file protein_27.tsv (TSV, C-alpha atoms (C1' of nucleotides))
chain	number	residue	atom	x	y	z
A	1	MET	CA	10.78	64.47	-29.15
A	2	ASN	CA	13.62	62.83	-27.34
A	3	GLY	CA	12.76	60.87	-24.21
A	4	ASP	CA	16.30	60.36	-22.94
A	5	LEU	CA	16.21	63.46	-20.78
A	6	ILE	CA	12.98	62.38	-19.15
A	7	LYS	CA	14.48	58.98	-18.57
A	8	ALA	CA	17.56	60.45	-16.93
A	9	GLN	CA	15.43	62.69	-14.76
A	10	ASP	CA	13.28	59.75	-13.79
A	11	ILE	CA	16.34	57.86	-12.65
A	12	PHE	CA	17.28	60.79	-10.46
A	13	LEU	CA	13.73	61.11	-9.13
A	14	GLY	CA	13.53	57.42	-8.42
A	15	ARG	CA	16.69	57.59	-6.44
A	16	VAL	CA	15.43	60.62	-4.54
A	17	ASN	CA	12.43	58.56	-3.59
A	18	GLN	CA	14.58	55.77	-2.29
A	19	THR	CA	16.81	58.16	-0.40
A	20	CYS	CA	13.80	59.78	1.22
A	21	ASN	CA	12.66	56.57	2.77
A	22	LYS	CA	15.99	56.17	4.48
A	23	PHE	CA	15.97	59.77	5.63
A	24	GLY	CA	12.47	59.68	7.03
A	25	LEU	CA	11.34	62.43	4.71
A	26	ASN	CA	8.10	62.78	2.83
A	27	ASN	CA	8.47	61.17	-0.58
A	28	ILE	CA	6.21	63.40	-2.59
A	29	MET	CA	7.48	66.60	-1.06
A	30	ALA	CA	11.05	65.66	-1.88
A	31	GLN	CA	10.16	64.51	-5.37
A	32	VAL	CA	8.30	67.68	-6.14
A	33	TYR	CA	11.25	69.73	-5.00
A	34	ALA	CA	13.67	67.51	-6.90
A	35	LEU	CA	11.64	67.84	-10.08
A	36	LEU	CA	11.56	71.61	-9.85
A	37	TYR	CA	15.24	71.65	-8.98
A	38	LEU	CA	16.13	69.59	-12.02
A	39	CYS	CA	13.95	71.38	-14.52
A	40	GLY	CA	15.09	74.85	-13.58
A	41	LYS	CA	11.93	76.40	-14.92
A	42	PRO	CA	8.53	77.03	-13.34
A	43	LEU	CA	6.06	74.17	-13.43
A	44	SER	CA	2.34	74.13	-12.77
A	45	LEU	CA	0.55	71.74	-10.47
A	46	ASP	CA	-0.67	69.82	-13.49
A	47	ASP	CA	2.85	69.53	-14.81
A	48	MET	CA	3.88	67.90	-11.55
A	49	VAL	CA	0.84	65.66	-11.53
A	50	GLU	CA	1.62	64.42	-15.00
A	51	ARG	CA	5.35	64.15	-14.50
A	52	LEU	CA	5.31	62.38	-11.13
A	53	ARG	CA	2.00	60.53	-11.52
A	54	ILE	CA	0.61	61.83	-8.27
A	55	SER	CA	-2.79	63.19	-7.39
A	56	LYS	CA	-3.51	66.86	-7.63
A	57	GLY	CA	-4.48	67.05	-3.97
A	58	SER	CA	-1.17	65.65	-2.93
A	59	ALA	CA	0.68	68.03	-5.20
A	60	SER	CA	-1.25	70.95	-3.77
A	61	ILE	CA	-0.63	70.05	-0.15
A	62	ASN	CA	3.03	69.29	-0.61
A	63	ILE	CA	3.85	72.29	-2.70
A	64	ARG	CA	2.45	74.53	0.00
A	65	ALA	CA	4.53	72.78	2.63
A	66	LEU	CA	7.56	73.44	0.44
A	67	GLU	CA	6.49	77.05	0.20
A	68	ARG	CA	6.32	77.34	3.98
A	69	TYR	CA	9.79	75.90	4.22
A	70	ASP	CA	10.86	78.52	1.74
A	71	VAL	CA	12.32	76.06	-0.72
A	72	VAL	CA	9.98	76.78	-3.60
A	73	ARG	CA	8.49	80.03	-4.81
A	74	LYS	CA	5.26	80.77	-6.58
A	75	VAL	CA	5.93	82.65	-9.80
A	76	TRP	CA	3.62	84.38	-12.17
A	77	VAL	CA	3.63	83.24	-15.76
A	78	LYS	CA	2.24	85.66	-18.30
A	79	GLY	CA	-0.89	84.52	-20.04
A	80	SER	CA	-1.69	81.66	-17.68
A	81	ARG	CA	-4.19	81.41	-14.89
A	82	ARG	CA	-2.30	78.61	-13.24
A	83	ASP	CA	0.04	78.80	-10.30
A	84	TYR	CA	3.59	78.07	-11.27
A	85	TYR	CA	6.37	77.18	-8.90
A	86	GLU	CA	10.10	77.19	-9.16
A	87	ALA	CA	12.72	75.70	-6.87
A	88	GLN	CA	15.00	77.67	-4.66
A	89	VAL	CA	18.16	76.51	-6.45
A	90	ASP	CA	20.51	77.48	-3.65
A	91	ILE	CA	20.52	73.95	-2.40
A	92	GLU	CA	23.15	74.69	0.22
A	93	LYS	CA	20.80	77.12	1.87
A	94	VAL	CA	17.89	74.72	1.62
A	95	VAL	CA	19.82	71.91	3.25
A	96	MET	CA	21.35	74.15	5.90
A	97	ASP	CA	18.00	75.61	6.84
A	98	ARG	CA	16.49	72.18	7.24
A	99	ILE	CA	19.38	70.87	9.28
A	100	LYS	CA	19.46	73.88	11.56
A	101	SER	CA	15.75	73.74	12.12
A	102	ALA	CA	15.92	70.03	12.88
A	103	ILE	CA	18.71	70.49	15.38
A	104	GLN	CA	17.01	73.38	17.08
A	105	THR	CA	13.77	71.48	17.44
A	106	ARG	CA	15.61	68.59	19.01
A	107	LEU	CA	17.65	70.73	21.38
A	108	THR	CA	14.53	72.48	22.58
A	109	GLU	CA	12.77	69.18	23.02
A	110	VAL	CA	15.58	67.72	25.10
A	111	ASP	CA	15.83	70.88	27.15
A	112	GLY	CA	12.17	70.58	28.03
A	113	MET	CA	12.65	66.95	28.91
A	114	ILE	CA	15.47	67.70	31.29
A	115	ASN	CA	13.67	70.54	33.01
A	116	LEU	CA	10.48	68.60	33.49
A	117	SER	CA	12.29	65.60	34.90
A	118	THR	CA	14.37	67.76	37.21
A	119	SER	CA	11.24	69.25	38.71
A	120	ALA	CA	9.74	65.82	39.08
A	121	LEU	CA	12.81	64.56	40.87
A	122	ASP	CA	12.84	67.48	43.29
A	123	ILE	CA	9.48	66.44	44.62
A	124	VAL	CA	10.60	62.94	45.55
A	125	ASP	CA	10.28	62.19	49.23
A	126	PHE	CA	13.66	61.45	50.74
A	127	SER	CA	12.36	59.72	53.84
A	128	ASP	CA	12.82	56.30	52.35
A	129	GLU	CA	16.42	55.42	53.03
A	130	GLU	CA	16.34	52.52	50.64
A	131	GLU	CA	15.57	54.72	47.66
A	132	LYS	CA	18.19	57.29	48.45
A	133	GLU	CA	20.75	55.65	46.26
A	134	ALA	CA	18.36	55.25	43.33
A	135	VAL	CA	17.42	58.90	43.56
A	136	GLU	CA	21.06	59.83	43.57
A	137	ILE	CA	21.69	57.84	40.39
A	138	PHE	CA	18.68	59.46	38.73
A	139	ARG	CA	20.10	62.85	39.66
A	140	GLN	CA	23.52	61.97	38.26
A	141	ARG	CA	22.00	60.84	34.99
A	142	LEU	CA	20.07	64.05	34.62
A	143	ASP	CA	23.18	66.09	35.35
A	144	ARG	CA	25.03	64.24	32.69
A	145	LEU	CA	22.26	64.77	30.22
A	146	ARG	CA	22.22	68.45	31.07
A	147	LYS	CA	25.93	68.70	30.47
A	148	LEU	CA	25.61	66.97	27.11
A	149	HIS	CA	22.79	69.25	26.12
A	150	GLY	CA	24.84	72.30	27.06
A	151	LYS	CA	27.76	71.17	24.96
A	152	ALA	CA	25.56	70.31	22.02
A	153	LYS	CA	23.99	73.72	22.21
A	154	GLU	CA	27.39	75.40	22.28
A	155	LEU	CA	28.46	73.42	19.26
A	156	PHE	CA	25.28	74.31	17.46
A	157	ASP	CA	25.71	78.00	18.18
A	158	LEU	CA	29.19	77.79	16.78
A	159	PHE	CA	27.80	76.06	13.75
A	160	ASP	CA	25.08	78.64	13.46
A	161	THR	CA	27.21	81.74	13.78
A	162	SER	CA	29.08	81.32	10.55
A	163	LEU	CA	32.42	79.98	11.70
A	164	LEU	CA	31.66	76.57	10.29
A	165	THR	CA	28.75	77.54	8.16
A	166	THR	CA	30.83	79.69	5.88
A	167	ALA	CA	32.71	76.60	4.86
A	168	LEU	CA	29.54	75.05	3.63
A	169	VAL	CA	27.11	77.68	2.44
A	170	SER	CA	27.14	78.92	-1.11
A	171	GLU	CA	29.91	81.41	-1.70
A	172	THR	CA	28.09	83.42	-4.34
A	173	GLU	CA	24.37	83.69	-4.85
A	174	GLU	CA	24.77	82.69	-8.49
A	175	THR	CA	21.34	81.46	-9.35
A	176	ALA	CA	21.44	78.95	-12.14
A	177	LYS	CA	22.33	80.31	-15.54
B	1	MET	CA	7.53	51.42	49.68
B	2	ASN	CA	7.69	54.91	48.32
B	3	GLY	CA	6.23	55.49	44.87
B	4	ASP	CA	7.61	58.97	44.31
B	5	LEU	CA	10.72	57.74	42.58
B	6	ILE	CA	8.68	55.62	40.22
B	7	LYS	CA	6.48	58.59	39.53
B	8	ALA	CA	9.43	60.81	38.75
B	9	GLN	CA	10.92	58.17	36.49
B	10	ASP	CA	7.59	57.79	34.75
B	11	ILE	CA	7.50	61.50	34.04
B	12	PHE	CA	10.92	61.22	32.46
B	13	LEU	CA	9.92	58.15	30.49
B	14	GLY	CA	6.74	59.79	29.30
B	15	ARG	CA	8.68	62.72	28.06
B	16	VAL	CA	11.17	60.46	26.31
B	17	ASN	CA	8.25	58.90	24.52
B	18	GLN	CA	7.00	62.27	23.35
B	19	THR	CA	10.47	63.32	22.29
B	20	CYS	CA	10.90	60.15	20.30
B	21	ASN	CA	7.91	60.83	18.15
B	22	LYS	CA	9.36	64.17	17.13
B	23	PHE	CA	12.73	62.60	16.46
B	24	GLY	CA	11.42	59.79	14.35
B	25	LEU	CA	12.84	57.21	16.72
B	26	ASN	CA	11.34	53.97	17.90
B	27	ASN	CA	9.40	54.61	21.09
B	28	ILE	CA	9.95	51.35	22.86
B	29	MET	CA	13.60	51.15	22.03
B	30	ALA	CA	14.18	54.60	23.44
B	31	GLN	CA	12.08	53.92	26.50
B	32	VAL	CA	13.88	50.70	27.24
B	33	TYR	CA	17.19	52.47	27.01
B	34	ALA	CA	15.94	55.39	29.09
B	35	LEU	CA	14.69	53.05	31.78
B	36	LEU	CA	18.01	51.24	32.00
B	37	TYR	CA	19.83	54.56	31.91
B	38	LEU	CA	17.81	55.92	34.81
B	39	CYS	CA	17.90	52.85	36.99
B	40	GLY	CA	21.62	52.35	36.74
B	41	LYS	CA	21.32	48.68	37.55
B	42	PRO	CA	20.71	45.62	35.40
B	43	LEU	CA	17.10	44.78	34.62
B	44	SER	CA	15.56	41.63	33.22
B	45	LEU	CA	13.17	41.47	30.31
B	46	ASP	CA	10.32	40.92	32.74
B	47	ASP	CA	11.35	43.97	34.72
B	48	MET	CA	11.03	46.05	31.59
B	49	VAL	CA	7.74	44.41	30.65
B	50	GLU	CA	6.29	45.24	34.03
B	51	ARG	CA	7.77	48.70	34.31
B	52	LEU	CA	6.90	49.92	30.82
B	53	ARG	CA	3.77	47.83	30.28
B	54	ILE	CA	4.95	46.44	27.00
B	55	SER	CA	4.83	42.94	25.59
B	56	LYS	CA	7.68	40.57	26.10
B	57	GLY	CA	8.15	40.11	22.37
B	58	SER	CA	8.61	43.79	21.90
B	59	ALA	CA	11.03	44.01	24.77
B	60	SER	CA	13.03	41.12	23.33
B	61	ILE	CA	13.26	42.57	19.85
B	62	ASN	CA	14.10	46.07	20.96
B	63	ILE	CA	16.68	45.10	23.54
B	64	ARG	CA	18.56	43.18	20.88
B	65	ALA	CA	18.46	46.15	18.55
B	66	LEU	CA	19.93	48.21	21.38
B	67	GLU	CA	22.56	45.56	21.83
B	68	ARG	CA	23.51	45.77	18.16
B	69	TYR	CA	23.81	49.52	18.49
B	70	ASP	CA	26.10	48.87	21.43
B	71	VAL	CA	24.09	51.00	23.83
B	72	VAL	CA	23.10	48.24	26.23
B	73	ARG	CA	25.04	45.26	27.47
B	74	LYS	CA	23.91	41.86	28.62
B	75	VAL	CA	25.20	41.14	32.09
B	76	TRP	CA	25.19	38.02	34.14
B	77	VAL	CA	23.48	38.08	37.48
B	78	LYS	CA	24.47	35.41	39.92
B	79	GLY	CA	21.77	32.96	40.77
B	80	SER	CA	19.39	33.93	38.00
B	81	ARG	CA	18.60	32.21	34.75
B	82	ARG	CA	17.33	35.42	33.21
B	83	ASP	CA	19.15	37.73	30.88
B	84	TYR	CA	19.88	41.05	32.48
B	85	TYR	CA	20.78	44.21	30.66
B	86	GLU	CA	22.39	47.45	31.70
B	87	ALA	CA	22.69	50.71	29.84
B	88	GLN	CA	25.87	52.08	28.42
B	89	VAL	CA	25.87	55.16	30.66
B	90	ASP	CA	28.32	57.12	28.56
B	91	ILE	CA	25.48	58.95	26.91
B	92	GLU	CA	27.81	61.25	25.01
B	93	LYS	CA	29.24	58.25	23.24
B	94	VAL	CA	25.83	56.79	22.58
B	95	VAL	CA	24.55	60.00	21.05
B	96	MET	CA	27.70	60.64	19.07
B	97	ASP	CA	27.72	57.14	17.64
B	98	ARG	CA	24.13	57.47	16.53
B	99	ILE	CA	24.67	60.88	14.97
B	100	LYS	CA	27.79	59.83	13.15
B	101	SER	CA	26.17	56.71	11.83
B	102	ALA	CA	23.15	58.67	10.66
B	103	ILE	CA	25.29	61.23	8.87
B	104	GLN	CA	27.42	58.59	7.22
B	105	THR	CA	24.42	56.68	5.97
B	106	ARG	CA	23.01	59.85	4.46
B	107	LEU	CA	26.25	60.90	2.86
B	108	THR	CA	26.67	57.51	1.27
B	109	GLU	CA	23.10	57.55	0.07
B	110	VAL	CA	23.49	60.95	-1.55
B	111	ASP	CA	26.78	59.95	-3.10
B	112	GLY	CA	25.09	56.99	-4.73
B	113	MET	CA	22.30	59.22	-5.95
B	114	ILE	CA	24.69	61.62	-7.60
B	115	ASN	CA	26.74	58.93	-9.27
B	116	LEU	CA	23.74	57.09	-10.62
B	117	SER	CA	22.23	60.25	-12.02
B	118	THR	CA	25.48	61.34	-13.56
B	119	SER	CA	25.73	58.09	-15.46
B	120	ALA	CA	22.15	58.41	-16.58
B	121	LEU	CA	22.76	61.90	-17.84
B	122	ASP	CA	25.83	60.87	-19.79
B	123	ILE	CA	23.73	58.58	-21.93
B	124	VAL	CA	21.33	61.29	-23.05
B	125	ASP	CA	21.29	61.82	-26.78
B	126	PHE	CA	22.42	65.30	-27.62
B	127	SER	CA	20.99	65.37	-31.11
B	128	ASP	CA	17.90	67.19	-30.02
B	129	GLU	CA	18.82	70.85	-30.06
B	130	GLU	CA	15.77	71.82	-28.11
B	131	GLU	CA	16.74	69.74	-25.12
B	132	LYS	CA	20.31	70.91	-25.03
B	133	GLU	CA	19.54	73.67	-22.57
B	134	ALA	CA	17.55	71.41	-20.27
B	135	VAL	CA	20.36	68.90	-20.22
B	136	GLU	CA	22.78	71.66	-19.36
B	137	ILE	CA	20.66	72.75	-16.41
B	138	PHE	CA	20.41	69.17	-15.19
B	139	ARG	CA	24.19	68.92	-15.38
B	140	GLN	CA	24.64	72.16	-13.47
B	141	ARG	CA	22.33	70.98	-10.72
B	142	LEU	CA	24.20	67.73	-10.35
B	143	ASP	CA	27.50	69.60	-10.18
B	144	ARG	CA	26.14	71.78	-7.45
B	145	LEU	CA	24.90	68.79	-5.54
B	146	ARG	CA	28.26	67.14	-5.90
B	147	LYS	CA	29.96	70.20	-4.52
B	148	LEU	CA	27.65	70.32	-1.55
B	149	HIS	CA	28.19	66.67	-0.89
B	150	GLY	CA	31.94	67.19	-0.99
B	151	LYS	CA	31.79	69.99	1.52
B	152	ALA	CA	29.47	68.11	3.80
B	153	LYS	CA	31.83	65.18	3.72
B	154	GLU	CA	34.79	67.38	4.58
B	155	LEU	CA	32.91	68.86	7.46
B	156	PHE	CA	31.93	65.45	8.68
B	157	ASP	CA	35.49	64.19	8.53
B	158	LEU	CA	36.55	67.17	10.58
B	159	PHE	CA	33.80	66.38	13.02
B	160	ASP	CA	34.82	62.75	13.07
B	161	THR	CA	38.53	63.21	13.61
B	162	SER	CA	38.33	64.65	17.07
B	163	LEU	CA	38.80	68.36	16.47
B	164	LEU	CA	35.18	69.07	17.26
B	165	THR	CA	34.36	65.79	18.84
B	166	THR	CA	36.69	66.31	21.76
B	167	ALA	CA	34.60	69.28	22.76
B	168	LEU	CA	31.61	67.05	23.09
B	169	VAL	CA	32.62	63.58	24.05
B	170	SER	CA	32.99	62.56	27.67
B	171	GLU	CA	36.25	63.75	29.16
B	172	THR	CA	36.61	60.87	31.61
B	173	GLU	CA	35.13	57.44	31.42
B	174	GLU	CA	33.63	57.82	34.88
B	175	THR	CA	30.93	55.22	34.83
B	176	ALA	CA	28.21	56.09	37.29
B	177	LYS	CA	28.99	55.54	40.90
C	1	DT	C1'	11.78	12.06	32.71
C	2	DT	C1'	8.66	15.56	33.36
C	3	DT	C1'	7.76	20.19	34.40
C	4	DA	C1'	8.60	24.99	34.66
C	5	DA	C1'	10.95	29.16	33.33
C	6	DC	C1'	12.96	31.51	29.96
C	7	DG	C1'	13.78	34.18	25.35
C	8	DT	C1'	12.40	34.23	20.53
C	9	DT	C1'	9.52	34.05	16.57
C	10	DT	C1'	5.48	35.12	13.95
C	11	DA	C1'	0.98	36.10	12.22
C	12	DA	C1'	-2.42	39.17	13.21
C	13	DA	C1'	-3.98	43.63	15.22
C	14	DA	C1'	-3.54	48.26	16.14
C	15	DC	C1'	-1.89	52.44	14.81
C	16	DA	C1'	-0.13	56.36	12.29
C	17	DT	C1'	0.85	58.34	7.99
C	18	DT	C1'	0.34	59.20	3.11
C	19	DT	C1'	-2.22	59.29	-0.94
C	20	DT	C1'	-6.06	59.46	-3.56
C	21	DA	C1'	-10.58	60.56	-5.80
C	22	DA	C1'	-14.23	63.24	-5.74
C	23	DA	C1'	-16.74	67.16	-4.22
C	24	DC	C1'	-16.35	71.93	-3.72
C	25	DG	C1'	-15.80	76.93	-4.31
C	26	DA	C1'	-13.60	80.79	-6.46
C	27	DA	C1'	-12.19	83.09	-10.43
C	28	DT	C1'	-12.13	83.76	-15.30
C	29	DA	C1'	-13.63	83.26	-19.86
C	30	DT	C1'	-17.45	82.80	-23.11
D	1	DA	C1'	-25.51	84.30	-16.87
D	2	DT	C1'	-23.28	80.08	-17.71
D	3	DA	C1'	-19.64	77.12	-18.31
D	4	DT	C1'	-14.95	76.08	-17.63
D	5	DT	C1'	-10.63	76.00	-15.42
D	6	DC	C1'	-8.27	76.17	-11.65
D	7	DG	C1'	-6.58	75.09	-6.50
D	8	DT	C1'	-8.18	73.29	-2.14
D	9	DT	C1'	-10.49	70.39	1.06
D	10	DT	C1'	-11.91	66.03	2.89
D	11	DA	C1'	-13.33	61.45	3.78
D	12	DA	C1'	-11.90	57.13	2.58
D	13	DA	C1'	-8.40	53.88	0.92
D	14	DA	C1'	-3.72	52.35	0.72
D	15	DT	C1'	0.42	51.75	2.85
D	16	DG	C1'	3.95	51.13	6.21
D	17	DT	C1'	5.24	50.50	10.81
D	18	DT	C1'	4.84	48.99	15.61
D	19	DT	C1'	2.99	46.15	18.99
D	20	DT	C1'	0.96	42.36	20.74
D	21	DA	C1'	-0.54	37.56	22.05
D	22	DA	C1'	0.24	33.13	21.52
D	23	DA	C1'	2.92	29.30	19.94
D	24	DC	C1'	7.41	27.51	20.02
D	25	DG	C1'	11.96	25.65	21.29
D	26	DT	C1'	15.52	25.45	24.59
D	27	DT	C1'	17.55	25.03	28.96
D	28	DA	C1'	17.48	24.19	33.77
D	29	DA	C1'	15.14	22.49	37.81
D	30	DA	C1'	12.46	18.93	40.27

call {"tool": "encode", "arguments": {"input": "protein_27.tsv", "output": "structure tokens"}}
result
Amino acid sequence: MNGDLIKAQDIFLGRVNQTCNKFGLNNIMAQVYALLYLCGKPLSLDDMVERLRISKGSASINIRALERYDVVRKVWVKGSRRDYYEAQVDIEKVVMDRIKSAIQTRLTEVDGMINLSTSALDIVDFSDEEEKEAVEIFRQRLDRLRKLHGKAKELFDLFDTSLLTTALVSETEETAK
Amino acid sequence: MNGDLIKAQDIFLGRVNQTCNKFGLNNIMAQVYALLYLCGKPLSLDDMVERLRISKGSASINIRALERYDVVRKVWVKGSRRDYYEAQVDIEKVVMDRIKSAIQTRLTEVDGMINLSTSALDIVDFSDEEEKEAVEIFRQRLDRLRKLHGKAKELFDLFDTSLLTTALVSETEETAK
DNA sequence: TTTAACGTTTAAAACATTTTAAACGAATAT
DNA sequence: ATATTCGTTTAAAATGTTTTAAACGTTAAA
């Protein structure tokens, strides 16, 4: 049996690991997905454990996270009691989904931040003449933030409603060979 | 002296902290910037230490990181030996710079990943008939990744060269009041 | 000079996250 | 029934990151 393929895959997987650190992603989750993506055939938990030298618990937890994200699928393999998983190979969709979700989370978060702070500012007592200017600056900053958020949201909606997305997302749903 | 303003600012700062965790950003760095952004006037290290209840070392390290990112500026205050800092108030620019830099880092990282793996794959010995198919799948996956990377890069360049950016970036350089 | 006021560095601590090993329970095979 | 093969759970260990307190060096004041 020829080990060159394994070696080449390991180089890819190693690099995925490195990339993950820079991206702030979970190493094992990404590696599990990468392995499934590369192999193009269903693997069992034990396959992953052996191939990536990780614990079974970790494999179990991470594969289910990947399932929730809809980037891997559980498949049934005839004659085996094990759970097998295969990667969603439409990587464009996977990446787009993640990016969109990340942006949306952040936009919502910032929106909440602005609203909360605006309410807080409205309660400030204006009697103190000395603070009037500081309050005014605070208000200006919030306005500016609000404007930025609005524009970002517009841009995201544009991004979301195809116009730009079509340029990026897989043209055909050709799934492997 | 009226504490309402402080309270309102604290609410904002608290929320920034919470937001940071979700964003994977450094809490103190963001809080320092947020404080300077809100106050709209130069603050010294000790001001930040007192206002945010952080250590001086932390303030020092983080303010310099912010300086490197070009989001705060050291300013000279007459009659004081301290270093004072003020926020770059053009928040659109700050955010855009960060986003662009993040995207570029990731694109470069992925590019490296693809190239490295491609080289690794080229070395694989083809003699083993059984592995031929697996190698082919690997190759297909890499091709697909390369395509995605290419499109992402195109999109980013579009984003970078104004077309979309103009919609987002500050129209005038009006710097506070 | 000597002293005081700074900003910076650094080693240790506090903290959060990830990973593991082992125990567990459910399902199937014997 | 019993034993085995699975996936999951969980408490503890490993790891990585952030934060601090204290020591340090430098500059300006006294």

call {"tool": "atom_distance", "arguments": {"input": "protein_27.tsv", "atom1": "atom CA of Asp46 of chain A", "atom2": "atom CA of Asp97 of chain A"}}
result
28.2 Å

call {"tool": "interface_residues", "arguments": {"input": "protein_27.tsv", "of": "chain B", "to": "chain D", "cutoff": "9 Å", "atoms": "all atoms listed in the file", "output": "PyMOL selection string"}}
result
chain B and resi 26+54-58+81

call {"tool": "interface_residues", "arguments": {"input": "protein_27.tsv", "of": "chain B", "to": "chain C", "cutoff": "12 Å", "atoms": "all atoms listed in the file", "output": "JSON, numbers by chain"}}
result
{"B": [21, 44, 45, 46, 56, 57, 58, 59, 60, 61, 62, 63, 64, 80, 81, 82, 83, 84]}

call {"tool": "closest_residue", "arguments": {"input": "protein_27.tsv", "among": "B:Val75, B:Leu5, B:Leu66, B:Leu158", "to": "chain A", "atoms": "all atoms listed in the file"}}
result
B:Leu5

call {"tool": "closest_atom_pairs", "arguments": {"input": "protein_27.tsv", "of": "chain A", "to": "chain B", "cutoff": "7 Å", "atoms": "all atoms listed in the file", "output": "CSV"}}
result
residue,atom,partner,partner_atom,distance
A:Asn2,CA,B:Asp128,CA,6.7
A:Asp4,CA,B:Val124,CA,5.1
A:Leu5,CA,B:Val124,CA,6.0
A:Ala8,CA,B:Ala120,CA,5.0
A:Ile11,CA,B:Ser117,CA,6.4
A:Phe12,CA,B:Ser117,CA,5.2
A:Arg15,CA,B:Met113,CA,5.9
A:Thr19,CA,B:Glu109,CA,6.3
A:Leu38,CA,B:Phe138,CA,5.3
A:Cys39,CA,B:Ala134,CA,6.8
A:Gly40,CA,B:Ile137,CA,6.6
A:Glu92,CA,B:Leu148,CA,6.5
A:Glu109,CA,B:Thr19,CA,6.3
A:Met113,CA,B:Arg15,CA,5.9
A:Ser117,CA,B:Phe12,CA,5.2
A:Ala120,CA,B:Ala8,CA,5.0
A:Leu121,CA,B:Ala8,CA,5.5
A:Val124,CA,B:Asp4,CA,5.1
A:Asp125,CA,B:Asp4,CA,6.5
A:Asp128,CA,B:Asn2,CA,6.7
A:Ala134,CA,B:Cys39,CA,6.8
A:Val135,CA,B:Leu5,CA,6.9
A:Ile137,CA,B:Gly40,CA,6.6
A:Phe138,CA,B:Leu38,CA,5.4
A:Arg141,CA,B:Leu38,CA,6.5
A:Leu148,CA,B:Glu92,CA,6.5
A:Lys151,CA,B:Leu168,CA,5.9
A:Ala152,CA,B:Leu168,CA,7.0
A:Leu168,CA,B:Lys151,CA,5.9

call {"tool": "write_last_selection", "arguments": {"input": "protein_27.tsv", "atoms": "C-alpha atoms", "output": "mmCIF file, in the frame of the given file"}}
result
data_model
loop_
_atom_site.group_PDB
_atom_site.id
_atom_site.type_symbol
_atom_site.label_atom_id
_atom_site.label_comp_id
_atom_site.auth_asym_id
_atom_site.auth_seq_id
_atom_site.Cartn_x
_atom_site.Cartn_y
_atom_site.Cartn_z
ATOM 1 C CA ASN A 2 13.620 62.830 -27.340
ATOM 2 C CA ASP A 4 16.300 60.360 -22.940
ATOM 3 C CA LEU A 5 16.210 63.460 -20.780
ATOM 4 C CA ALA A 8 17.560 60.450 -16.930
ATOM 5 C CA ILE A 11 16.340 57.860 -12.650
ATOM 6 C CA PHE A 12 17.280 60.790 -10.460
ATOM 7 C CA ARG A 15 16.690 57.590 -6.440
ATOM 8 C CA THR A 19 16.810 58.160 -0.400
ATOM 9 C CA LEU A 38 16.130 69.590 -12.020
ATOM 10 C CA CYS A 39 13.950 71.380 -14.520
ATOM 11 C CA GLY A 40 15.090 74.850 -13.580
ATOM 12 C CA GLU A 92 23.150 74.690 0.220
ATOM 13 C CA GLU A 109 12.770 69.180 23.020
ATOM 14 C CA MET A 113 12.650 66.950 28.910
ATOM 15 C CA SER A 117 12.290 65.600 34.900
ATOM 16 C CA ALA A 120 9.740 65.820 39.080
ATOM 17 C CA LEU A 121 12.810 64.560 40.870
ATOM 18 C CA VAL A 124 10.600 62.940 45.550
ATOM 19 C CA ASP A 125 10.280 62.190 49.230
ATOM 20 C CA ASP A 128 12.820 56.300 52.350
ATOM 21 C CA ALA A 134 18.360 55.250 43.330
ATOM 22 C CA VAL A 135 17.420 58.900 43.560
ATOM 23 C CA ILE A 137 21.690 57.840 40.390
ATOM 24 C CA PHE A 138 18.680 59.460 38.730
ATOM 25 C CA ARG A 141 22.000 60.840 34.990
ATOM 26 C CA LEU A 148 25.610 66.970 27.110
ATOM 27 C CA LYS A 151 27.760 71.170 24.960
ATOM 28 C CA ALA A 152 25.560 70.310 22.020
ATOM 29 C CA LEU A 168 29.540 75.050 3.630
#

call {"tool": "atom_distance", "arguments": {"input": "protein_27.tsv", "atom1": "atom CA of Asp160 of chain B", "atom2": "atom CA of Glu86 of chain B"}}
result
27.1 Å

call {"tool": "atom_distance", "arguments": {"input": "protein_27.tsv", "atom1": "atom CA of Asp70 of chain A", "atom2": "atom CA of Lys93 of chain A"}}
result
10.0 Å

call {"tool": "axis_aligned_box", "arguments": {"input": "protein_27.tsv", "around": "segment 3-8 of chain C", "padding_each_side": "3 Å", "output": "JSON"}}
result
{"center_x": 10.8, "center_y": 27.2, "center_z": 27.6, "size_x": 12.0, "size_y": 20.0, "size_z": 20.1}
